[in-house]
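Structure, as structure tokens:
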Amino acid sequence: MAMQSNQTVFQGMEIPDEQQYLSCIKCGLCLSVCPTYRESFKEADSPRGRLMLLRKALAGELKLSHNLTDKMYRCLDCLACNAICPVGIKPADLALQARYLIHQSEPQPWIKPLIFKGVFPNANLMETAMLPMFLYQRLGVQSLVHKLGISNALPAQLRDSERMLPRLSRSAKSRVSETTPACGQRKYRVAFFLGCFQNLVFSDASAATVRVMAENGCEVVMPKNVKCCGMPHLGYGDVETARALAKHNIETLEKLDADVIVTDCATCGSTLKEYGHSFFSDDAEYNSRARAFSAKVKDVSEFLGSIQLREPEHPNKIRVTYHDPCHLRRGQNVWKQPRQLLQLSGAELIEMRESDWCCGSAGTQAITHYRDSMQILARKMQNVARTDATVIASGCPGCQMQLGLGVQRENLPMQVMHPIQLLDRAYRGDEK
Amino acid sequence: MLSESIIKELEQIVGSENVLTSVEDLVTYSYDGTLVEHCPDAIVLPNNTEQVSRVMQVCYREKLPVTPRGMGSGLAAASVPINGGVSVCLTRMNHVLNLDMENMMVLVEAGVVTADLQSQVEAAGLFYPPDPSSIKHSTIGGNVACNAGGPRCLKYGVTGDYVMGLTVVLADGRILQIGGKAIKNVTAYDLKSLFVGSEGTLGIVTQVLLRLVSKPKFTRTAMAVYPKIEDASVTVNNVLLAGILPATMELMDDTTIGTIEEYMHLGLPTQAAAILIIEADGSDESVVTQDIEKIGGICRQSGAAEVRVAQTEAERNELWRGRRSVSPSLARRRPNKLGEDISVPRAAIPEAIRRIKQVGEKYNLPISVFGHAGDGNLHPNILYDKRNADENARVEKASQEIFGIATELGGTLSGEHGVGLLKLPYLGLVESPIEIELMQSIKRTFDPQGILNAGKKFPVNLQ
Ligand SMILES: Cc1cc2nc3c(=O)[nH]c(=O)nc-3n(C[C@H](O)[C@H](O)[C@H](O)COP(=O)(O)OP(=O)(O)OC[C@H]3O[C@@H](n4cnc5c(N)ncnc54)[C@H](O)[C@@H]3O)c2cc1C
Ligand code: SF4
Ligand code: SF4
């Protein structure tokens with residue numbers, strides 16, 4: 001977050017450096033890939049539009065109004081604009097920085113004070129209080145939606161939220177032991193970073209991740225006191241909390257002296273890798289520590305793609321299609337490896353059109369921006385339905401939840417899984 | 001500012017979610033792909049021709065300035081609402097309405113993104129050839145209004161060559177349908193062509209009927225490297241004289257090559273004076289292969305030091321990577337660039353480039369020249385930093401001199417980007433007073449109150 005302050009309006013705040021947006025030539029190429037623009041066809045829902053709003057706000061020509069805030073929070077952080085901009089502007093990053101700016105000038109009244117500050121960073125509470133899961137289960141969707149201040153929620157939205165949020169499973173923390181020995185000779189020592197969602201909702205996937213790594217000669221250490229990676233906080237502009245969480249995680253994991261730090265959540269992975277880039281850029285000493293940490297982080301498919309893998313005994317005989325999570329495909333440039341894992345698992349891979357187009361989940365977007373999110377999901381499900389796969393694989397809990405909802409809404413005979421689960425099945429042969 | 005009641009009326013026509021008036025929305029419709037900015041007072045996003053017509057009736061009655069807008073990728077500030085008023089943005093009218101395989105034509109709404117149109121007709125085995133580089137971020141309505149062209153236009157022609165019919169809403173709201181599926185038609189003035197390239201000054205295009213061709217099945221690409229730019233230019237002529245019509249002949253000069261290498265490291269020959277990228281296509285593989293081999297031979301005979309013919313799709317992409325890297329690398333060199341779009345007779349290309357380089361030296365500004373050598377359409381890009389006032393002033397003078405060069409060599413100010421607002425001051429260099437007067441009276445016939453994009457394309461006549 002290289003920032004400098006030269007605007008009196010934003011005295012004392014961290015603001016984006018001019019260099020980050022000055023060379024935007026307003027060509028409009030980013031409009032072609034922006035999911036929010038491609039639904040509304042309104043310029044303010046486009047990367048170029050958001051950039052212009054931020055620019056005007058920084059120049060003091062626009063206030064950080066409710067409208068402006070809304071435009072910035074509508075961005076899905078899908079990174080498609082970052083990837084396509086011919087001159088290297090990163091509108092997605094700037095939208096997040098705009099949120100931070102807004103947050104610094106006036107903390108957002110969203111669910112943050114209630115949840116992120118109070119609950120997420122607290123390791124003890126996290127298991128029972130993960131949101132929106134926790135509140136939802138405690139209060140029911142109706143009341144949750146009310147508490148989030150979404151007063152005009154539609155009945156369909158309530159139904160969809162109900163459908164989307166899966167039951168909490170037995171947490172991975174209670175299922176998987178702190179250390180799992182390698183099967184056979186130990187070749188690698190892996191620190192496994194357990195993400196919040198993976199722990200509480202998709203613990204089957206995380207249990208599978210640990211088994212597959214052990215199966216391939218990894219000793220897996222899974223520290224139970226890691227905290228949220230900080231992405232939800234960044235998303236809501238709360239950079240301070242995100243930094244505190246990052247420090248905690250760095251300090252917890254670097255002690256383990258592992259060869260590699262692996263996560264099976266695309267979003268966690270991209271955030272952990274970001275620790276070493278923008279998180280501490282104004283603190284040289286800590287920054288180098290963070291850089292060393294981030295250099296070790298790998299998505300599970302990225303890691304498995306870099307080592308020798310054992311052939312599975314029970315190849316899957318299914319057709320699978322793969323959805324590229326934004327934070328894996330563009331966030332980490334990992335897209336070949338998950339496909340290779342699927343093929344290794346024996347599954348026949350059928351590519352969908354626009355496999356790397358955002359599914360509209362973007363964390364909690366499905367709740368906060370229901371209509372946008374459902375339109376974007378509809379586009380994705382159309383592409384999914386054209387394949388005749390029986391499984392949609394995707395290595396991101398947010399995508400998995402959203403795609404699961406899509407399958408229900410469209411009534412498709414499909415199942416949503418993490419790619420690692422198919423490989424795990426091919427090793428264990430317990431096809432159910 | 002528009003009155004409450006007018007806004008209400010517009011909302012009743014298109015729905016309140018499609019009338020935008022917040023200051024944040026206004027700001028995001030204040031620009032196009034240039035540095036010019038001016039906010040409209042409201043943006044209207046209509047969903048069909050009928051709505052556009054009713055919106056125009058209101059604007060006509062109230063004498064409100066109206067600026068048609070597509071995706072705002074224009075490079076002439078033509079869609080910037082300099083008079084305020086209402087921006088009528090067609091982006092929500094983005095449906096392909098009918099694909100007529102038998103007549104090989106497609107009817108689309110004006111707001112359809114050109115690349116979407118192209119991929120939809122290609123899925124049916126047909127082909128819409130015009131390929132402006134902005135194909136993914138411009139609308140067909142904007143392409144028609146600017147008569148957009150692209151690399152492939154050497155062989156296939158420009159947007160206007162594909163327009164068979166138009167639905168246009170006139171300034172007073174009347175709906176005009178012109179043209180149709182009959183390929184030959186001489187019963188009236190060719191009004192449809194009048195709208196092509198009219199930059200939104202005569203009416204709002206709402207639907208376009210386009211002719212399609214069958215998709216060429218084979219494409220081969222070659223790259224030729226020249227120690228002397230004249231030889232590149234001679235090559236273009238020699239290829240055409242040999243009876244081969246390549247789909248594209250793209251030229252890059254030494255400044256462009258050097259900049260790409262400095263920032264992208266693609267391994268291009270930095271000592272070269274020019275590079276040509278030539279592509280042949282067609283439906284018969286052996287003919288296309290023969291053509292590209294002949295082209296390679298002609299390049300060598302005409303003075304190319306090196307010719308590479310791509311043997312695989314990967315190699316073809318590799319050759320195009322250089323051309324595609326032009327914009328990104330220029331932008332990395334300096335924060336701003338002024339991209340001109342002059343068009344000169346083909347034979348004058350070397351002379352034009354030589355003189356443009358002198359201008360660059362005179363004003364101490366890097367100028368990169370690239371473009372469509374096959375049709376003499378050059379894009380001299382002046383690189384600068386707009387925060388530097390002194391540089392700004394020099395850029396102004398340099399671009400003026402470049403226009404002078406184009407006209408002296410028998411060319412014109414713009415081959416494809418249009419006049420808009422930016423080239424207005426220089427129009428006198430190429431259009432005679434008679435032409436301008438005629439255009440003004442045509443304008444008065446279509447738009448007696450001068451509400452449609454007034455002040456663009458040619459100077460308004462105040463009488
Ligand atoms: C990176 C880049 C590359 C480009 N490459 C090329 C190129 O290779 N070739 C080329 O020709 N151009 C090119 N352009 C210029 C531009 O993309 C074209 O002029 C394009 O046709 C504009 O379309 P638009 O939808 O963005 O229109 P806008 O910019 O929104 O409008 C352009 C003009 O058309 C009018 N207009 C728009 N829609 C309508 C309508 N429905 N009815 C009536 N008038 C209308 C507007 O009033 C305005 O005068 C490029 C631009 C950029 C930024
Ligand atoms: S952000 Fe990049 S792609 Fe988007 S308008 Fe600016 S320069 Fe073009
Ligand atoms: S990150 Fe995605 S949603 Fe946000 S502006 Fe970029 S392309 Fe649009």
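Naming scheme: A, B, ... for chains in displayed order of the structure tokens; residues 1 onward per chain; ligands 1 onward as shown.
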Discussion item. Only residues of chain B matter here; which ones have an atom within 7 Å of chain A, counting only C-alpha atoms? Give them as an MDAnalysis selection string.
Written reply: chainID B and resid 24:25 28:29 32:34 73 91:92 136:137 327:328 331:332 335:336
Just-selected residues, N, CA, C and O atoms written as a compact mmCIF listing (two decimals), in the first residue's frame:
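Contents of part-v8.txt, freshly written:
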# COMPACT_ATOMS: atom_id res chain seq x y z
N GLU B 24 -21.97 11.48 -9.07
CA GLU B 24 -21.01 10.41 -9.34
C GLU B 24 -21.25 9.81 -10.73
O GLU B 24 -20.31 9.53 -11.47
N ASP B 25 -22.51 9.60 -11.07
CA ASP B 25 -22.80 9.06 -12.39
C ASP B 25 -22.42 10.06 -13.48
O ASP B 25 -21.87 9.68 -14.51
N THR B 28 -18.87 9.94 -14.43
CA THR B 28 -18.41 8.78 -15.19
C THR B 28 -18.89 8.80 -16.65
O THR B 28 -18.55 7.91 -17.42
N TYR B 29 -19.67 9.78 -17.00
CA TYR B 29 -20.03 9.94 -18.42
C TYR B 29 -19.47 11.25 -18.98
O TYR B 29 -19.96 11.78 -19.95
N ASP B 32 -14.27 10.32 -22.72
CA ASP B 32 -14.12 9.15 -23.58
C ASP B 32 -12.64 8.75 -23.50
O ASP B 32 -12.01 8.96 -22.46
N GLY B 33 -12.07 8.25 -24.60
CA GLY B 33 -10.68 7.83 -24.54
C GLY B 33 -9.68 8.97 -24.71
O GLY B 33 -8.54 8.74 -25.07
N THR B 34 -10.11 10.21 -24.48
CA THR B 34 -9.22 11.37 -24.59
C THR B 34 -9.10 12.07 -23.24
O THR B 34 -9.62 11.59 -22.25
N SER B 73 -15.19 4.82 -26.08
CA SER B 73 -13.80 4.49 -26.41
C SER B 73 -13.25 5.44 -27.45
O SER B 73 -12.11 5.29 -27.91
N THR B 91 -25.68 1.51 -24.46
CA THR B 91 -25.04 0.24 -24.09
C THR B 91 -26.01 -0.85 -23.61
O THR B 91 -25.65 -2.01 -23.62
N ARG B 92 -27.21 -0.45 -23.20
CA ARG B 92 -28.14 -1.50 -22.76
C ARG B 92 -28.90 -2.11 -23.95
O ARG B 92 -29.56 -3.13 -23.81
N LYS B 136 -13.32 -4.99 -28.52
CA LYS B 136 -13.93 -5.52 -27.29
C LYS B 136 -14.56 -4.42 -26.45
O LYS B 136 -15.28 -4.69 -25.51
N HIS B 137 -14.21 -3.17 -26.72
CA HIS B 137 -14.72 -2.11 -25.88
C HIS B 137 -15.31 -0.96 -26.67
O HIS B 137 -15.22 0.20 -26.28
N SER B 327 0.85 -0.34 -27.53
CA SER B 327 0.22 0.55 -26.54
C SER B 327 0.83 0.41 -25.16
O SER B 327 1.21 1.39 -24.54
N PRO B 328 0.89 -0.84 -24.64
CA PRO B 328 1.44 -0.98 -23.29
C PRO B 328 2.85 -0.41 -23.16
O PRO B 328 3.15 0.22 -22.15
N ALA B 331 2.91 3.42 -23.18
CA ALA B 331 2.40 3.98 -21.92
C ALA B 331 3.41 3.87 -20.80
O ALA B 331 3.40 4.66 -19.86
N ARG B 332 4.28 2.88 -20.89
CA ARG B 332 5.29 2.75 -19.84
C ARG B 332 6.42 3.76 -20.00
O ARG B 332 7.10 4.09 -19.06
N PRO B 335 3.89 9.09 -19.25
CA PRO B 335 2.53 8.96 -18.71
C PRO B 335 1.43 9.21 -19.75
O PRO B 335 0.37 8.63 -19.68
N ASN B 336 1.65 10.11 -20.69
CA ASN B 336 0.58 10.43 -21.63
C ASN B 336 1.03 10.25 -23.07
O ASN B 336 2.22 10.32 -23.36
Item to complete: Could the residues that lie within 6 Å of ligand 1, counting only C-alpha atoms and all ligand atoms, be listed as a PyMOL selection string?
Response: (chain A and resi 27) or (chain B and resi 32-33+67-75+78-79+90+110+132-134+138-139+141-143+145-146+148-150+199-200+203-206+416-417)
Discussion item. When you look at Cys299 of chain B with a cut-off of 7 Å (counting only C-alpha atoms), what residues show up, excluding the ones that are within fewer than 5 positions of it in the same chain? I need them as a list in words.
Written reply: Ala224, Thr235 and Ala304 of chain B
Practice prompt. Do a neighbour search on Leu240 of chain B at 12 Å with only C-alpha atoms, toss out local chain neighbours closer than 3 positions, and write the hits as a list in words.
Written response: Leu154, Lys155, Ser233, Val234, Thr235, Val236, Asn237, Gly243, Ile244, Leu245, Pro246, Ala247, Thr248, Met249, Ile278, Ala280, Asp291, Lys294, Ile295, Ile298, Cys299, Arg346, Ala373, Gly374 and Asp375 of chain B
Practice prompt. Considering only C-alpha atoms and all ligand atoms, state which residue in the set B:Leu330, B:Ile82, B:Val108, B:Val52 is at the smallest distance from ligand 2.
Written response: B:Leu330
Worksheet entry | Backbone-only DSSP, helix (DSSP H, G or I) members of segment 296-429 of chain B, as a PyMOL selection string | chain B and resi 296-301+313-324+326-333+346-362+373-375+389-408+424-429
Discussion item. Using only C-alpha atoms and all ligand atoms, which residues of the polymer chains come no farther than 8 Å from ligand 3? I'd like the answer as JSON, numbers by chain.
Written reply: {"A": [30, 31, 33, 34, 35, 36, 37, 45, 46, 47, 48, 50, 74, 75, 76, 77, 78, 79, 80, 81, 82, 91, 92, 93, 95, 358]}
Practice prompt. Quick one: pull the distance between atom CA of Gly235 of chain A and atom CA of His103 of chain A, Å, one decimal.
Written response: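 Atom CA of Gly235 of chain A sits 10.7 Å away from atom CA of His103 of chain A.
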Worksheet item: Could you write out, as JSON, numbers by chain, all the residues of segment 30-82 of chain B that DSSP marks as strand (DSSP E or B)?
Response: {"B": [42, 43, 44, 66, 67, 68, 69]}
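Each of A:Ile350, A:Ile250, A:Val384, A:Leu422 was checked against Asn287 of chain A using only C-alpha atoms; the smallest atom-to-atom distance is that of A:Ile250.
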Discussion item. Would you compute the distance between atom CA of Gln207 of chain B and atom CA of Met104 of chain B? Give it in Å to one decimal.
Written reply: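 Interatomic distance, atom CA of Gln207 of chain B to atom CA of Met104 of chain B: 16.8 Å.
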